[in-house]
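Shown next: model36.txt, given as compact mmCIF, C-alpha atoms.
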# COMPACT_ATOMS: atom_id res chain seq x y z
CA MET A 1 0.83 24.44 -12.17
CA THR A 2 2.05 26.30 -9.08
CA ASN A 3 2.60 25.21 -5.52
CA ASP A 4 -0.30 27.36 -4.34
CA THR A 5 -3.03 26.24 -6.71
CA PRO A 6 -4.52 22.73 -6.74
CA PRO A 7 -4.36 21.19 -10.23
CA PRO A 8 -7.43 20.89 -12.49
CA PRO A 9 -8.95 17.50 -13.33
CA PRO A 10 -6.89 15.63 -15.92
CA VAL A 11 -9.73 15.16 -18.40
CA GLU A 12 -13.36 16.22 -18.74
CA ASN A 13 -14.68 12.77 -17.85
CA THR A 14 -12.98 11.68 -14.64
CA GLU A 15 -15.05 8.52 -14.12
CA PRO A 16 -13.04 5.28 -14.32
CA LYS A 17 -13.53 3.54 -17.66
CA GLU A 18 -14.15 0.03 -16.34
CA LYS A 19 -15.57 -1.30 -19.62
CA SER A 20 -12.50 -0.32 -21.65
CA VAL A 21 -9.15 -2.07 -21.55
CA GLN A 22 -7.52 0.03 -24.27
CA PHE A 23 -5.02 2.75 -23.49
CA GLN A 24 -6.66 5.98 -24.59
CA GLU A 25 -5.24 9.32 -25.73
CA ASP A 26 -6.63 11.01 -22.63
CA ASP A 27 -4.76 8.45 -20.51
CA ILE A 28 -1.49 9.77 -21.96
CA GLN A 29 -2.58 13.32 -21.10
CA ALA A 30 -3.52 12.14 -17.61
CA ILE A 31 -0.04 10.68 -17.07
CA THR A 32 1.52 14.06 -17.80
CA TYR A 33 -0.94 15.67 -15.40
CA PHE A 34 -0.27 13.16 -12.63
CA LYS A 35 3.48 13.59 -12.91
CA GLU A 36 2.97 17.28 -12.13
CA ALA A 37 0.46 16.44 -9.41
CA HIS A 38 2.96 13.98 -7.92
CA GLY A 39 5.50 16.75 -7.52
CA LEU A 40 2.89 19.03 -5.98
CA LEU A 41 1.77 16.25 -3.65
CA ARG A 42 5.33 15.66 -2.47
CA HIS A 43 5.65 19.41 -1.86
CA GLN A 44 2.52 19.52 0.28
CA ILE A 45 3.48 16.44 2.31
CA GLY A 46 6.97 17.90 2.73
CA LYS A 47 5.45 20.79 4.68
CA VAL A 48 4.75 18.29 7.48
CA ILE A 49 6.97 15.25 6.86
CA VAL A 50 10.75 15.44 6.52
CA GLY A 51 12.27 12.94 4.06
CA GLN A 52 10.73 9.47 3.55
CA GLU A 53 10.40 10.04 -0.21
CA LYS A 54 10.58 6.32 -1.09
CA VAL A 55 8.00 5.44 1.56
CA ILE A 56 5.64 8.10 0.21
CA ASP A 57 6.03 6.86 -3.36
CA GLU A 58 5.32 3.25 -2.37
CA LEU A 59 2.23 4.33 -0.46
CA LEU A 60 1.02 6.20 -3.54
CA ILE A 61 1.66 3.14 -5.69
CA SER A 62 -0.42 1.07 -3.27
CA ILE A 63 -3.30 3.51 -3.50
CA PHE A 64 -3.16 3.83 -7.28
CA THR A 65 -3.20 0.03 -7.69
CA ARG A 66 -6.09 -0.50 -5.22
CA SER A 67 -3.75 -2.42 -2.92
CA HIS A 68 -2.61 -2.36 0.71
CA ALA A 69 0.72 -1.96 2.48
CA LEU A 70 2.39 -3.14 5.68
CA LEU A 71 4.84 -0.75 7.33
CA VAL A 72 7.57 -2.03 9.63
CA GLY A 73 9.38 0.49 11.79
CA VAL A 74 10.18 1.35 15.38
CA PRO A 75 7.90 3.78 17.25
CA GLY A 76 8.40 7.51 16.75
CA LEU A 77 9.10 7.59 13.00
CA ALA A 78 5.93 9.59 12.19
CA LYS A 79 4.12 6.72 10.46
CA THR A 80 0.71 7.91 11.67
CA LEU A 81 1.45 11.54 10.84
CA LEU A 82 2.63 10.56 7.37
CA ILE A 83 -0.55 8.65 6.56
CA SER A 84 -2.91 11.29 7.95
CA THR A 85 -1.03 13.99 6.02
CA LEU A 86 -1.20 11.94 2.82
CA ALA A 87 -4.94 11.40 3.30
CA GLN A 88 -5.46 15.11 3.89
CA ALA A 89 -3.52 16.09 0.75
CA MET A 90 -5.58 13.61 -1.29
CA ASN A 91 -8.94 14.54 0.27
CA LEU A 92 -9.43 11.04 1.70
CA GLN A 93 -11.18 10.15 4.94
CA PHE A 94 -8.68 8.78 7.46
CA LYS A 95 -9.30 6.51 10.46
CA ARG A 96 -6.80 5.00 12.88
CA ILE A 97 -7.53 1.68 14.63
CA GLN A 98 -5.27 0.75 17.54
CA PHE A 99 -5.04 -3.03 17.63
CA THR A 100 -5.00 -4.57 21.11
CA PRO A 101 -5.42 -8.14 22.44
CA ASP A 102 -9.01 -7.44 23.56
CA LEU A 103 -10.15 -5.91 20.23
CA MET A 104 -13.13 -7.73 18.73
CA PRO A 105 -14.08 -7.97 15.02
CA SER A 106 -17.24 -5.91 15.63
CA ASP A 107 -15.08 -3.12 17.07
CA ILE A 108 -13.64 -2.75 13.57
CA THR A 109 -16.47 -3.64 11.21
CA GLY A 110 -19.44 -2.33 13.19
CA THR A 111 -22.38 -3.91 14.96
CA GLU A 112 -26.17 -4.15 14.90
CA VAL A 113 -28.21 -2.55 17.67
CA ILE A 114 -31.89 -2.60 18.48
CA TYR A 115 -33.47 0.63 17.29
CA GLN A 116 -36.98 1.89 17.95
CA ASN A 117 -38.53 3.57 14.95
CA PRO A 118 -40.07 6.86 16.16
CA GLN A 119 -42.74 6.78 13.43
CA THR A 120 -43.97 3.18 13.70
CA ASN A 121 -42.83 2.67 17.31
CA GLU A 122 -41.55 -0.75 16.26
CA ARG A 123 -38.19 -2.17 17.20
CA GLU A 124 -35.78 -3.11 14.45
CA PHE A 125 -32.10 -3.76 13.96
CA LYS A 126 -29.92 -0.89 12.84
CA PHE A 127 -26.32 -1.27 11.65
CA LEU A 128 -23.78 1.10 13.17
CA PRO A 129 -20.70 1.24 10.91
CA GLY A 130 -17.31 0.72 12.53
CA PRO A 131 -14.13 2.71 11.93
CA ILE A 132 -13.25 0.57 8.90
CA PHE A 133 -15.71 2.63 6.84
CA ALA A 134 -13.16 5.16 5.64
CA ASN A 135 -10.86 5.61 2.65
CA VAL A 136 -7.54 5.22 4.48
CA ILE A 137 -7.28 2.90 7.48
CA LEU A 138 -4.24 2.82 9.72
CA ALA A 139 -4.23 -0.60 11.39
CA ASP A 140 -1.72 0.25 14.08
CA GLU A 141 0.25 -2.77 15.37
CA ILE A 142 -1.95 -5.31 13.60
CA ASN A 143 0.04 -8.18 15.09
CA ARG A 144 -1.12 -7.30 18.63
CA THR A 145 -4.67 -8.56 18.09
CA PRO A 146 -5.79 -12.23 17.96
CA PRO A 147 -6.19 -14.07 14.64
CA LYS A 148 -10.01 -13.78 14.72
CA THR A 149 -9.82 -9.99 14.62
CA GLN A 150 -6.96 -10.05 12.12
CA ALA A 151 -9.10 -12.23 9.85
CA ALA A 152 -11.99 -9.74 9.96
CA MET A 153 -9.64 -6.98 8.83
CA LEU A 154 -8.08 -9.04 6.08
CA GLU A 155 -11.49 -10.16 4.81
CA ALA A 156 -12.48 -6.52 4.41
CA MET A 157 -9.23 -5.86 2.56
CA GLN A 158 -9.88 -8.68 0.10
CA GLU A 159 -13.65 -8.39 -0.42
CA ARG A 160 -13.95 -4.61 0.18
CA LYS A 161 -17.15 -5.23 2.10
CA ILE A 162 -18.25 -6.55 5.47
CA THR A 163 -21.24 -8.70 6.41
CA ALA A 164 -23.46 -8.01 9.43
CA GLY A 165 -26.72 -9.82 10.09
CA GLY A 166 -26.54 -11.51 6.70
CA ILE A 167 -26.39 -8.16 4.88
CA ASP A 168 -23.39 -6.99 2.89
CA HIS A 169 -22.15 -3.46 3.52
CA LYS A 170 -19.84 -2.12 0.83
CA LEU A 171 -16.76 -0.21 1.96
CA PRO A 172 -16.01 3.21 0.46
CA ASP A 173 -13.99 3.48 -2.73
CA PRO A 174 -11.07 4.02 -2.76
CA PHE A 175 -10.25 1.83 0.23
CA PHE A 176 -6.69 1.45 1.44
CA VAL A 177 -5.33 -0.32 4.54
CA LEU A 178 -1.98 0.59 6.00
CA ALA A 179 -0.94 -1.81 8.74
CA THR A 180 2.05 -1.30 11.00
CA GLN A 181 4.25 -3.68 12.97
CA ASN A 182 6.93 -2.98 15.54
CA PRO A 183 10.05 -5.00 14.63
CA VAL A 184 11.55 -4.70 18.11
CA GLU A 185 9.01 -5.85 20.69
CA GLN A 186 7.45 -9.22 19.84
CA GLU A 187 6.19 -10.21 23.28
CA GLY A 188 2.42 -10.67 23.43
CA THR A 189 1.96 -10.55 19.66
CA TYR A 190 0.13 -12.73 17.13
CA PRO A 191 2.34 -12.69 14.01
CA LEU A 192 0.50 -12.66 10.70
CA PRO A 193 0.83 -15.98 8.82
CA GLU A 194 2.59 -15.90 5.46
CA ALA A 195 -0.71 -16.44 3.62
CA GLN A 196 -2.11 -13.29 5.23
CA LEU A 197 1.08 -11.30 4.71
CA ASP A 198 0.75 -12.13 1.01
CA ARG A 199 -2.42 -9.99 0.89
CA PHE A 200 -0.29 -6.87 1.29
CA MET A 201 1.30 -5.58 -1.90
CA PHE A 202 4.23 -3.99 -0.06
CA MET A 203 6.12 -4.54 3.14
CA ILE A 204 7.74 -1.14 3.58
CA TYR A 205 10.65 -0.54 5.95
CA VAL A 206 10.49 2.89 7.59
CA ASP A 207 14.05 3.71 8.55
CA TYR A 208 15.59 6.32 10.84
CA PRO A 209 16.08 9.80 9.34
CA SER A 210 19.48 11.04 8.30
CA ALA A 211 21.37 13.51 10.53
CA ASP A 212 20.20 16.52 8.50
CA GLU A 213 16.62 15.25 8.40
CA GLU A 214 16.58 14.67 12.15
CA LEU A 215 17.85 18.21 12.76
CA GLU A 216 15.03 19.55 10.58
CA VAL A 217 12.51 17.42 12.52
CA MET A 218 13.82 18.94 15.75
CA ARG A 219 13.47 22.48 14.37
CA ARG A 220 9.91 21.92 13.20
CA GLY A 221 8.80 19.88 16.20
CA THR A 222 9.96 22.46 18.72
CA GLY A 223 8.76 25.51 16.80
CA GLY A 224 5.50 27.33 17.25
CA LYS A 225 4.13 26.98 13.73
CA THR A 226 2.37 23.90 12.39
CA ALA A 227 2.08 23.57 8.62
CA THR A 228 -1.11 22.30 7.00
CA PRO A 229 -1.02 20.56 3.60
CA ARG A 230 -3.37 21.69 0.85
CA GLN A 231 -5.60 19.30 -1.06
CA VAL A 232 -3.90 18.21 -4.28
CA LEU A 233 -5.99 15.31 -5.57
CA GLY A 234 -9.62 14.29 -5.13
CA LEU A 235 -11.51 11.01 -5.16
CA GLU A 236 -12.32 11.32 -8.86
CA HIS A 237 -8.65 11.82 -9.74
CA ILE A 238 -7.56 8.78 -7.73
CA MET A 239 -10.22 6.51 -9.20
CA TYR A 240 -9.39 7.70 -12.71
CA LEU A 241 -5.71 6.97 -12.17
CA GLN A 242 -6.54 3.49 -10.83
CA GLY A 243 -8.27 2.79 -14.14
CA THR A 244 -5.34 4.26 -16.08
CA VAL A 245 -2.92 1.91 -14.30
CA ARG A 246 -5.00 -1.10 -15.32
CA ARG A 247 -5.16 -0.01 -18.95
CA MET A 248 -1.46 0.76 -19.29
CA PRO A 249 0.17 -1.71 -21.73
CA VAL A 250 3.21 -3.78 -20.76
CA ALA A 251 5.74 -5.19 -23.22
CA GLU A 252 6.26 -8.95 -23.36
CA HIS A 253 9.91 -8.76 -22.26
CA VAL A 254 8.88 -6.87 -19.10
CA LEU A 255 6.33 -9.57 -18.26
CA ARG A 256 9.00 -12.23 -18.77
CA TYR A 257 11.43 -10.31 -16.55
CA ALA A 258 8.94 -10.18 -13.67
CA GLN A 259 8.11 -13.87 -14.15
CA LYS A 260 11.80 -14.83 -14.03
CA ILE A 261 12.33 -12.89 -10.79
CA VAL A 262 9.52 -14.75 -9.07
CA ALA A 263 10.28 -18.17 -10.59
CA SER A 264 13.93 -17.93 -9.52
CA THR A 265 12.81 -18.17 -5.87
CA ARG A 266 11.05 -21.53 -6.33
CA ALA A 267 13.28 -24.53 -5.63
CA LYS A 268 11.48 -26.85 -8.07
CA SER A 269 11.39 -24.35 -10.94
CA PRO A 270 13.89 -24.83 -13.81
CA GLN A 271 14.54 -21.08 -13.53
CA SER A 272 15.51 -21.33 -9.86
CA LEU A 273 18.91 -19.91 -8.88
CA ASP A 274 21.39 -21.96 -6.87
CA PHE A 275 21.59 -19.55 -3.93
CA CYS A 276 17.77 -19.48 -3.75
CA LYS A 277 17.73 -23.27 -3.44
CA LYS A 278 20.36 -22.99 -0.72
CA TRP A 279 18.87 -20.16 1.32
CA LEU A 280 15.10 -20.19 0.80
CA SER A 281 12.61 -22.49 2.50
CA TRP A 282 9.71 -21.00 0.53
CA GLY A 283 9.47 -19.05 -2.72
CA ALA A 284 7.06 -16.38 -3.92
CA GLY A 285 3.65 -17.22 -5.42
CA PRO A 286 1.78 -15.86 -8.44
CA ARG A 287 0.48 -12.88 -6.47
CA ALA A 288 4.06 -11.61 -6.41
CA SER A 289 4.16 -11.65 -10.23
CA LEU A 290 0.87 -9.78 -10.45
CA ASN A 291 1.97 -7.17 -7.94
CA LEU A 292 5.33 -6.66 -9.64
CA ILE A 293 3.60 -5.67 -12.88
CA LEU A 294 0.88 -3.57 -11.23
CA ALA A 295 3.36 -1.70 -9.06
CA ALA A 296 5.74 -1.22 -12.00
CA LYS A 297 2.89 0.36 -13.97
CA ALA A 298 2.11 2.81 -11.17
CA ASN A 299 5.81 3.52 -10.66
CA ALA A 300 6.14 4.43 -14.35
CA ILE A 301 3.09 6.71 -14.21
CA LEU A 302 4.39 8.57 -11.16
CA ARG A 303 7.47 9.43 -13.20
CA GLY A 304 5.51 10.52 -16.25
CA GLN A 305 6.39 7.51 -18.42
CA ILE A 306 3.91 6.14 -20.96
CA TYR A 307 5.65 2.76 -20.95
CA VAL A 308 6.76 0.22 -18.33
CA SER A 309 10.41 -0.81 -18.26
CA CYS A 310 12.33 -3.57 -16.52
CA ASP A 311 13.83 -0.87 -14.31
CA ASP A 312 10.33 -0.10 -12.98
CA VAL A 313 9.95 -3.76 -12.03
CA ALA A 314 13.34 -3.81 -10.32
CA ALA A 315 12.53 -0.59 -8.43
CA VAL A 316 9.46 -2.08 -6.72
CA ALA A 317 10.78 -5.65 -6.31
CA PRO A 318 12.40 -5.35 -2.83
CA SER A 319 9.24 -4.25 -1.00
CA ILE A 320 7.11 -6.78 -2.90
CA MET A 321 9.42 -9.78 -2.39
CA ARG A 322 10.46 -8.92 1.17
CA HIS A 323 7.57 -10.76 2.88
CA ARG A 324 6.99 -13.39 0.19
CA ILE A 325 10.28 -15.27 0.33
CA ILE A 326 11.25 -17.08 3.53
CA PRO A 327 14.98 -17.45 4.32
CA ASN A 328 15.80 -20.79 5.94
CA PHE A 329 18.05 -21.49 8.92
CA ALA A 330 21.16 -21.67 6.74
CA ALA A 331 20.53 -18.14 5.46
CA GLN A 332 19.74 -16.79 8.93
CA SER A 333 22.90 -18.34 10.37
CA GLU A 334 24.93 -16.50 7.71
CA GLY A 335 23.07 -13.23 8.29
CA ILE A 336 21.36 -13.36 4.88
CA SER A 337 18.01 -11.54 4.78
CA SER A 338 15.22 -11.62 2.21
CA ASP A 339 16.39 -8.20 1.01
CA ASP A 340 19.88 -9.58 0.40
CA ILE A 341 18.46 -12.46 -1.63
CA THR A 342 16.23 -10.12 -3.66
CA ARG A 343 19.20 -7.90 -4.44
CA MET A 344 21.18 -10.91 -5.64
CA ILE A 345 18.27 -12.05 -7.79
CA LEU A 346 18.06 -8.63 -9.46
CA GLU A 347 21.79 -8.82 -10.18
CA LYS A 348 21.52 -12.29 -11.75
CA VAL A 349 18.26 -12.12 -13.75
CA PRO A 350 18.92 -10.46 -17.14
CA LYS A 351 16.75 -7.61 -18.41
CA ASP A 352 15.73 -8.75 -21.90
CA GLU A 353 15.30 -5.70 -24.11
File written out as structure tokens:
Amino acid sequence: MTNDTPPPPPVENTEPKEKSVQFQEDDIQAITYFKEAHGLLRHQIGKVIVGQEKVIDELLISIFTRSHALLVGVPGLAKTLLISTLAQAMNLQFKRIQFTPDLMPSDITGTEVIYQNPQTNEREFKFLPGPIFANVILADEINRTPPKTQAAMLEAMQERKITAGGIDHKLPDPFFVLATQNPVEQEGTYPLPEAQLDRFMFMIYVDYPSADEELEVMRRGTGGKTATPRQVLGLEHIMYLQGTVRRMPVAEHVLRYAQKIVASTRAKSPQSLDFCKKWLSWGAGPRASLNLILAAKANAILRGQIYVSCDDVAAVAPSIMRHRIIPNFAAQSEGISSDDITRMILEKVPKDE
């Protein structure tokens, strides 16, 4: 595989094997293929985006597990450019929705209009799809729109369809929502409740670039040439990999490790840790356990592993637990964040081998 030639399909039959739950020989071959494709994908995105390797990997994990992600970062960190570049390299349709206080649910999902049939001359309702009918949706500043519009977006994320006039309209597959929030300006916002935040697999922090990365951004941004990424993966590859993730086996000790991480955050659990009882007002629910295993599977596949280790679980834990555990006033007064608590949990919970 070279950097100039898109890779071939991993196997002859690239349809997802929904009826099978067994890990097949061609799945092992596909993992090898996708490790190479992952490197090629990073190369293509790197033509446009400087750095942000961890953010890119967590976005890929979200896509390959049929999940969604919430990005938190100040303006100007190329979040929109990153997502559009990723969609282009993966041959996915991309739409950006700017959330504002006056945005209505129908502005996202679509609406019905009266349409006159030119053949019968009769009037009938016709559904006009909204911008949500795409593979990759950037919900920019999702906390700036009222709860009614937020709920319409989150319903589409969960059900992968929208209803208009009593008729269900299925959203395209794959379907991935990337929502953003500005951590600085909170005036005039409608913060997402914890129950809605829980629908996102990851809360990803997009940080400032390093000094060298910022210099490279300045060189590229002020130059005359604009790089264009090549297509690396297609829809059939992505859907096949989503099925491969589901079929990937997980050892019992890895399942127990993920369960212990989540249970340690619950004050009434016998596995709860003392500092969690002291600093947390709310622990993580079962969806955290599910997402830890799913994300660990995808993390292993991106690295070409045919097994899931406890290290894979630990690698994805911070972005999964970040928005699912709620530090109380005592923690906030001591400057303890959810990331600090997650790091301490990972240090305390043993990895049973």
Length of the CA of Ala330 (chain A) to CA of Ser281 (chain A) vector [Å]
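Separating CA of Ala330 (chain A) from CA of Ser281 (chain A) is a distance of 9.6 Å.
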In the coordinate frame of the file, compute which residues have an atom within 9 Å of (-14.6, -4.9, 11.9) when using only C-alpha atoms, and state them as a list of chain:residue names.
A:Met104, A:Pro105, A:Ser106, A:Asp107, A:Ile108, A:Thr109, A:Gly110, A:Thr111, A:Pro129, A:Gly130, A:Pro131, A:Ile132, A:Thr149, A:Ala152, A:Met153, A:Ala156, A:Ile162
Could you check the closest approach to Phe34 (chain A) for each of A:Gln271, A:Asn299, A:Gln332, A:Thr189 and tell me which residue wins, using only C-alpha atoms?
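Checking each candidate against Phe34 (chain A), we get A:Asn299 as the closest.
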Pick from A:Lys225, A:His237, A:Lys277, A:Arg199, whichever lies nearest to His323 (chain A) using only C-alpha atoms
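Once distances to His323 (chain A) are computed over only C-alpha atoms, the minimum belongs to A:Arg199.
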Shortest interatomic distance to Val313 (chain A) - which of A:Gln259, A:Ser62, A:Ser264, A:Ser337, counting all atoms listed in the file
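Answer, going by the shortest atom-to-atom distance: A:Gln259.
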Neighbour list for region 92-97 of chain A as a PyMOL selection string, cut-off 7 Å, only C-alpha atoms, skip fewer than 2 positions in-chain:
chain A and resi 84+87-88+90+99+131+134-140
Quick one: everything within 10 Å of Leu294 (chain A), counting all atoms listed in the file, minus sequence neighbours fewer than 4 positions away in the same chain. Send it as a PDB file with C-alpha atoms, keeping the file's coordinate frame.
ATOM      1  CA  ILE A  61       1.660   3.140  -5.690  1.00  0.00           C
ATOM      2  CA  SER A  62      -0.420   1.070  -3.270  1.00  0.00           C
ATOM      3  CA  PHE A  64      -3.160   3.830  -7.280  1.00  0.00           C
ATOM      4  CA  THR A  65      -3.200   0.030  -7.690  1.00  0.00           C
ATOM      5  CA  ARG A  66      -6.090  -0.500  -5.220  1.00  0.00           C
ATOM      6  CA  SER A  67      -3.750  -2.420  -2.920  1.00  0.00           C
ATOM      7  CA  MET A 201       1.300  -5.580  -1.900  1.00  0.00           C
ATOM      8  CA  VAL A 245      -2.920   1.910 -14.300  1.00  0.00           C
ATOM      9  CA  ARG A 246      -5.000  -1.100 -15.320  1.00  0.00           C
ATOM     10  CA  MET A 248      -1.460   0.760 -19.290  1.00  0.00           C
ATOM     11  CA  VAL A 250       3.210  -3.780 -20.760  1.00  0.00           C
ATOM     12  CA  ALA A 288       4.060 -11.610  -6.410  1.00  0.00           C
ATOM     13  CA  SER A 289       4.160 -11.650 -10.230  1.00  0.00           C
ATOM     14  CA  LEU A 290       0.870  -9.780 -10.450  1.00  0.00           C
ATOM     15  CA  ALA A 298       2.110   2.810 -11.170  1.00  0.00           C
ATOM     16  CA  ASN A 299       5.810   3.520 -10.660  1.00  0.00           C
ATOM     17  CA  VAL A 308       6.760   0.220 -18.330  1.00  0.00           C
ATOM     18  CA  VAL A 313       9.950  -3.760 -12.030  1.00  0.00           C
ATOM     19  CA  VAL A 316       9.460  -2.080  -6.720  1.00  0.00           C
TER      20      VAL A 316
END
Would you mind telling me which residue in A:Leu280, A:Leu41, A:Leu346, A:Leu178 lies nearest to Lys268 (chain A) when using all atoms listed in the file?
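Residue with the minimum atom-to-atom distance to Lys268 (chain A): A:Leu280.
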Quick one: distance from CA of Pro209 (chain A) to CA of Leu60 (chain A) in Å, one decimal?
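Result for CA of Pro209 (chain A) versus CA of Leu60 (chain A): 20.1 Å, one decimal.
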Distance in Å - CA of Ile63 (chain A) versus CA of Leu235 (chain A):
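Calculated distance between CA of Ile63 (chain A) and CA of Leu235 (chain A) is 11.2 Å.
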Which is closest to Thr85 (chain A) among A:Gly46, A:Gly243, A:Pro191, A:Gly73, if we use only C-alpha atoms?
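Checking each candidate against Thr85 (chain A), we get A:Gly46 as the closest.
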Measuring atom to atom with only C-alpha atoms, identify which of A:Val48, A:Ser309, A:Leu302, A:Trp279 is nearest to Met344 (chain A).
A:Trp279
Skipping near chain neighbours, those fewer than 5 positions away, what residues fall within 8 Å of region 76-80 of chain A using all atoms listed in the file, listed as a list of chain:residue names?
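Contacts, with the query itself left out: A:Ile49, A:Leu138, A:Val206, A:Asp207, A:Tyr208.
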Any idea what's packed within 10 Å of Gln196 (chain A), counting all atoms listed in the file, ignoring anything in its chain fewer than 6 positions away? Could you give it as a VMD selection string?
chain A and resid 150 to 151 154 to 155
Write out as a VMD selection string which residues come within 9 Å of Tyr190 (chain A) when counting only C-alpha atoms, dropping same-chain ones fewer than 5 positions away.
chain A and resid 101 142 to 147
